[in-house]
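Down below is the structure, laid out as structure tokens.
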Amino acid sequence: MLSRHVHSQVFKNAAFPPPDGAYIQIARDHLAAHSLDPSQGSVLPNVSFTLPPLQGKNLDEHFHRLGAAAAQPWLGLARDFASTSLPPKPDYWSLQSGWTKYVYKDDGSSYHIPVDHPDDAVLSFDIEGLPNYHPYAIMACAVSGDAWYAWISPWLLGESEDPEHLIPFDNPDVHRVVVGHNVSHDRSRIADEYSLKGTKSRFLDTMALHVAVKGISSHQRPAWKKHRKTKETEEERRVEAIEAVENLLQESESLDQEGVDEAKKEELRKLRSDMEESLPFLQADEAGVDDVSSKRWEDLTSGNSLADVARLHCDIDMDKGIRDDFLVLSREEILGNIQDYLNYCGNDVYVTHAVFSRVLPAFLKACPSPVSFAGILTMGSSFLTVNESWEKYIENAEKTYRELEKSVKGRLVQLAHEAKELMVDDRWKGDVWLEQLDWTPKVAKGSRGIVREQVCGLVTHFDSGFIV
């Protein structure tokens, strides 16, 4: 399909021997048999231009080298972070606005100092906000292999009535990897990401990595939710059965010590022995089965929330109940219990790193080309430049969409009425489209107090739904 000049640049040392004359004659005879004149065919223009030189011996080497150049040094930083052990989480968080760094020494001692921004090359990161008040972050936590960090908004501490505080990272020329779950949500609260010059920070989304290796499609989601609900119900029953057996064992021991005849005692001992034998089977955890072939597909995937992903990849059960506080509590109530909320944010950061340690190696195994990793970096660092007319654009786009939607629905209703009129004298039989539909008269379902009567109707399917 390529011109000879372009082909020679893409595929080195390619030869084009002329085809056998007999084969050419077979092709001409075949065209003639179908009344096709080769002289009337169109001839593609001989497009020729000079390409940049291949970075290797062939296309595979070319794209591998380009991908490696685009992925580094962030790929190396990410690999190292996935195998890094984190320092202990602070027992107490210092209540001061801006960033605070918490450092742990080898001798077990620790200290914290205020800093302008995190100075580590790789971080696990998470933010929390009060969406009912404003879209800005009120707190954030981050951790590297050497230190923990916490950021608190001046608005939350009452130092400012202006909530518009973005989180500073600074050092735009430093190569940095920021790991988060649905990290684009966190990235939008970082001040440096609004610079038109861009930064050398790259964002890795554990949710995207999970979707690439063990994700779930929209068509699978209902079946997966049903299976999860069934498993939760079975687990509740299993726990109840264990508690019932343990209670019966305690009761049988007390009865055995009371004045009961030997026949009854022997019967109690046998019953207690049977229950003791059954208890280990009830206590066995199905999640401990490592044989993948013995599991259902629903057990090998999960939803996209951090809690679901952590349970699947790390067998971590997260308590996310405190998350609802950010949706209902006031600034003063959050501030009054800020240590618990910073601990919650820090725990999300810790779990995100645990998930990252599992899903990054799995992703690199499933998608070994550096082009795939470079693509994730590129998609995670994009931004859309807008100006004051952006909101007007959104308004006009929404208005145009509603007008087109109304027009399409109106046209569909008109077509349905026109099709209904063709039932008279079976005129629909002459239409190449309508004659493929089911024109069997429908019988309306009877209701209490209403006499059933036969109605003639047409049911057909359009993209927007069913029209009767």
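Chain labels run A, B, ... following the order of the structure tokens; each chain numbers its residues from 1, and ligands are numbered from 1 in the order shown.
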Item to check | Members of segment 150-191 of chain A assigned strand (DSSP E) by DSSP, as a list in words | outcome: Ala150, Trp151, Ile152, Arg176, Val177, Val178, Val179 and Gly180 of chain A
Give me a file of those residues, with N, CA and C atoms, as an mmCIF file, in the first residue's frame.
data_model
loop_
_atom_site.group_PDB
_atom_site.id
_atom_site.type_symbol
_atom_site.label_atom_id
_atom_site.label_comp_id
_atom_site.auth_asym_id
_atom_site.auth_seq_id
_atom_site.Cartn_x
_atom_site.Cartn_y
_atom_site.Cartn_z
ATOM 1 N N ALA A 150 1.690 16.043 55.441
ATOM 2 C CA ALA A 150 0.287 16.427 55.588
ATOM 3 C C ALA A 150 0.140 17.894 55.220
ATOM 4 N N TRP A 151 -0.935 18.198 54.505
ATOM 5 C CA TRP A 151 -1.236 19.588 54.132
ATOM 6 C C TRP A 151 -2.613 19.932 54.673
ATOM 7 N N ILE A 152 -2.730 21.093 55.311
ATOM 8 C CA ILE A 152 -4.011 21.547 55.864
ATOM 9 C C ILE A 152 -4.318 22.923 55.299
ATOM 10 N N ARG A 176 8.980 13.774 38.893
ATOM 11 C CA ARG A 176 8.264 13.264 40.061
ATOM 12 C C ARG A 176 7.130 12.351 39.603
ATOM 13 N N VAL A 177 6.864 11.300 40.386
ATOM 14 C CA VAL A 177 5.735 10.404 40.162
ATOM 15 C C VAL A 177 4.787 10.536 41.350
ATOM 16 N N VAL A 178 3.530 10.824 41.073
ATOM 17 C CA VAL A 178 2.497 10.931 42.107
ATOM 18 C C VAL A 178 1.483 9.810 41.875
ATOM 19 N N VAL A 179 1.333 8.957 42.871
ATOM 20 C CA VAL A 179 0.436 7.810 42.778
ATOM 21 C C VAL A 179 -0.832 8.106 43.562
ATOM 22 N N GLY A 180 -1.979 7.828 42.971
ATOM 23 C CA GLY A 180 -3.254 8.029 43.657
ATOM 24 C C GLY A 180 -4.326 7.158 43.050
#
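Around Val143 of chain A, within 10 Å and counting only C-alpha atoms, the residues found are Leu86, Pro87, Pro88, Lys89, Lys101, Tyr102, Pro118, Asp120, Val122, Leu123, Ser124, Phe125, Asp126, Trp148, Tyr149, Ala150, Val178, Val179, Gly346, Val349, Tyr350 and His353 of chain A, once anything fewer than 5 positions away on its own chain is removed.
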Would you pick out the contacts of Arg228 of chain A at 12 Å or less, using only C-alpha atoms, so that residues sharing its chain but fewer than 3 positions from it are not included, and give the list as a tab-separated table (two decimals) with C-alpha atoms, in the first residue's frame?
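Wrote it out as out-v8.tsv, contents follow:
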chain	number	residue	atom	x	y	z
A	221	ARG	CA	-21.20	-5.26	36.64
A	222	PRO	CA	-24.81	-6.41	37.41
A	223	ALA	CA	-23.72	-10.08	37.63
A	224	TRP	CA	-20.72	-9.13	39.76
A	225	LYS	CA	-22.85	-7.07	42.16
A	231	LYS	CA	-21.29	-13.84	49.13
A	232	GLU	CA	-21.97	-11.18	51.77
A	233	THR	CA	-25.20	-12.93	52.75
A	234	GLU	CA	-23.44	-16.29	52.93
A	235	GLU	CA	-20.67	-14.77	55.07
A	296	ARG	CA	-15.54	-17.96	39.74
A	297	TRP	CA	-14.78	-15.04	37.42
A	298	GLU	CA	-16.63	-12.73	39.83
A	299	ASP	CA	-13.97	-13.50	42.46
A	300	LEU	CA	-11.14	-12.49	40.10
A	301	THR	CA	-12.37	-8.94	39.50
A	302	SER	CA	-13.92	-6.10	41.47
A	303	GLY	CA	-15.43	-2.65	41.27
A	308	ASP	CA	-13.05	-2.96	46.36
A	312	LEU	CA	-9.24	-7.91	45.71
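Taking atom CA of Phe16 of chain A and atom CA of Pro45 of chain A as the two end points, the separation is 19.0 Å.
Shortest separation to Leu130 of chain A among A:Asp325, A:Asp425, A:Glu395, A:Glu403 occurs at residue A:Asp325, atoms counted being only C-alpha atoms.
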Checklist entry - Which of these residues is nearest to Val183 of chain A, using only C-alpha atoms: A:Val115, A:Leu306, A:Leu422, A:Leu156? => result A:Leu306
Checklist entry - Which polymer residues have any atom within 12 Å of an atom of segment 431-433 of chain A, counting only C-alpha atoms, with same-chain residues fewer than 4 positions away left out, as a PyMOL selection string? => result chain A and resi 419+422-423+426-427+437-438+460
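Omitting Leu59 of chain A and its sequence neighbours fewer than 6 positions away, and counting only C-alpha atoms, the residues within 10 Å are Val10, Phe11, Lys12 and Arg65 of chain A.
Nearest to Pro168 of chain A of all the residues A:Trp155, A:Tyr104, A:Trp99, A:Tyr111 is A:Trp99, based on only C-alpha atoms.
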Checklist entry - How far is it from atom CA of Met139 of chain A to atom CA of Ala191 of chain A, in Å with one decimal? => result 14.0 Å
Checklist entry - Please, what distance in Å, to one decimal, runs between atom CA of Lys105 of chain A and atom CA of Gly145 of chain A? => result 12.2 Å
Item to check | Secondary structure check, helix (DSSP H, G or I) residues of segment 282-448 of chain A, as a ChimeraX atom specification | outcome: /A:282-283,286-288,292-294,297-300,306-314,321-328,331-336,338-366,370-380,390-421,424-430,434-436
Go ahead and save the picked residues with C-alpha atoms, as a short mmCIF file (atom, residue, chain, number, x, y, z; two decimals), in the first residue's frame.
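As a result, again-v8.cif now contains:
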data_model
loop_
_atom_site.label_atom_id
_atom_site.label_comp_id
_atom_site.auth_asym_id
_atom_site.auth_seq_id
_atom_site.Cartn_x
_atom_site.Cartn_y
_atom_site.Cartn_z
CA LEU A 282 -17.33 -23.21 59.32
CA GLN A 283 -14.31 -21.09 60.21
CA GLU A 286 -12.99 -19.24 51.15
CA ALA A 287 -10.86 -16.21 50.27
CA GLY A 288 -7.80 -18.15 51.36
CA VAL A 292 -7.38 -19.52 40.50
CA SER A 293 -9.00 -22.34 38.51
CA SER A 294 -11.31 -23.11 41.44
CA TRP A 297 -14.78 -15.04 37.42
CA GLU A 298 -16.63 -12.73 39.83
CA ASP A 299 -13.97 -13.50 42.46
CA LEU A 300 -11.14 -12.49 40.10
CA LEU A 306 -10.35 1.87 46.52
CA ALA A 307 -12.11 -0.39 49.03
CA ASP A 308 -13.05 -2.96 46.36
CA VAL A 309 -9.63 -2.88 44.71
CA ALA A 310 -7.80 -3.18 48.05
CA ARG A 311 -9.93 -6.17 49.02
CA LEU A 312 -9.24 -7.91 45.71
CA HIS A 313 -5.50 -7.29 45.35
CA CYS A 314 -4.33 -6.95 48.97
CA GLY A 321 -17.85 4.96 56.95
CA ILE A 322 -16.05 8.15 57.96
CA ARG A 323 -16.07 9.28 54.32
CA ASP A 324 -19.71 10.37 54.62
CA ASP A 325 -18.73 12.92 57.28
CA PHE A 326 -17.17 15.09 54.56
CA LEU A 327 -20.58 15.23 52.88
CA VAL A 328 -22.67 16.23 55.90
CA ARG A 331 -16.02 23.05 58.79
CA GLU A 332 -16.13 23.46 62.56
CA GLU A 333 -17.18 19.83 63.11
CA ILE A 334 -14.39 18.54 60.86
CA LEU A 335 -11.85 20.73 62.63
CA GLY A 336 -13.05 19.51 66.03
CA ILE A 338 -9.33 16.67 62.66
CA GLN A 339 -6.93 14.03 63.99
CA ASP A 340 -9.33 11.24 63.02
CA TYR A 341 -9.89 12.72 59.58
CA LEU A 342 -6.17 13.11 58.91
CA ASN A 343 -5.71 9.49 60.02
CA TYR A 344 -8.46 8.48 57.57
CA CYS A 345 -6.77 10.39 54.74
CA GLY A 346 -3.39 8.92 55.68
CA ASN A 347 -4.84 5.40 55.72
CA ASP A 348 -6.12 5.89 52.17
CA VAL A 349 -2.59 6.93 51.16
CA TYR A 350 -1.12 3.83 52.82
CA VAL A 351 -3.65 1.48 51.16
CA THR A 352 -3.14 3.17 47.78
CA HIS A 353 0.57 2.35 47.98
CA ALA A 354 -0.25 -1.26 48.93
CA VAL A 355 -2.51 -1.54 45.88
CA PHE A 356 0.10 0.13 43.69
CA SER A 357 2.69 -2.43 44.80
CA ARG A 358 0.43 -5.15 43.38
CA VAL A 359 -1.14 -3.62 40.28
CA LEU A 360 1.95 -1.98 38.77
CA PRO A 361 3.89 -5.27 38.37
CA ALA A 362 0.72 -6.92 37.06
CA PHE A 363 0.24 -4.11 34.54
CA LEU A 364 3.86 -4.26 33.35
CA LYS A 365 3.47 -8.02 32.90
CA ALA A 366 0.21 -7.71 30.96
CA PRO A 370 7.08 0.86 27.40
CA VAL A 371 4.72 2.53 24.92
CA SER A 372 1.77 1.44 27.10
CA PHE A 373 3.31 2.95 30.23
CA ALA A 374 4.24 6.12 28.34
CA GLY A 375 0.64 6.35 27.16
CA ILE A 376 -0.64 6.26 30.75
CA LEU A 377 1.80 9.03 31.70
CA THR A 378 0.67 11.16 28.78
CA MET A 379 -3.04 10.68 29.44
CA GLY A 380 -2.55 11.47 33.12
CA TRP A 390 -15.75 28.25 28.71
CA GLU A 391 -18.93 28.38 30.77
CA LYS A 392 -20.76 29.96 27.84
CA TYR A 393 -19.51 27.13 25.64
CA ILE A 394 -20.84 24.53 28.10
CA GLU A 395 -24.19 26.32 28.20
CA ASN A 396 -24.45 26.47 24.39
CA ALA A 397 -23.40 22.83 24.03
CA GLU A 398 -26.04 21.70 26.51
CA LYS A 399 -28.71 23.83 24.79
CA THR A 400 -27.81 22.41 21.37
CA TYR A 401 -27.87 18.85 22.72
CA ARG A 402 -31.35 19.32 24.19
CA GLU A 403 -32.66 20.82 20.96
CA LEU A 404 -31.27 17.95 18.87
CA GLU A 405 -32.58 15.38 21.34
CA LYS A 406 -36.06 16.92 21.21
CA SER A 407 -35.94 16.98 17.42
CA VAL A 408 -34.91 13.31 17.20
CA LYS A 409 -37.62 12.20 19.61
CA GLY A 410 -40.23 14.21 17.73
CA ARG A 411 -39.19 12.64 14.43
CA LEU A 412 -39.32 9.14 15.95
CA VAL A 413 -42.84 9.74 17.24
CA GLN A 414 -43.87 10.98 13.78
CA LEU A 415 -42.41 7.87 12.13
CA ALA A 416 -44.20 5.63 14.61
CA HIS A 417 -47.57 7.26 13.83
CA GLU A 418 -46.91 6.95 10.10
CA ALA A 419 -46.06 3.29 10.51
CA LYS A 420 -49.21 2.70 12.53
CA GLU A 421 -51.36 4.03 9.67
CA VAL A 424 -54.80 -0.43 7.39
CA ASP A 425 -55.21 -2.83 4.42
CA ASP A 426 -51.79 -4.35 5.26
CA ARG A 427 -49.97 -1.61 3.40
CA TRP A 428 -46.90 -2.26 5.57
CA LYS A 429 -46.18 -5.38 3.49
CA GLY A 430 -44.77 -3.28 0.70
CA LEU A 434 -41.54 -2.33 8.15
CA GLU A 435 -42.36 -5.76 6.78
CA GLN A 436 -39.52 -7.13 8.92
#
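The closest residue to Phe81 of chain A, picked from A:Cys367, A:Ala142, A:Val6, A:Ala121 and counting only C-alpha atoms, is A:Ala121.
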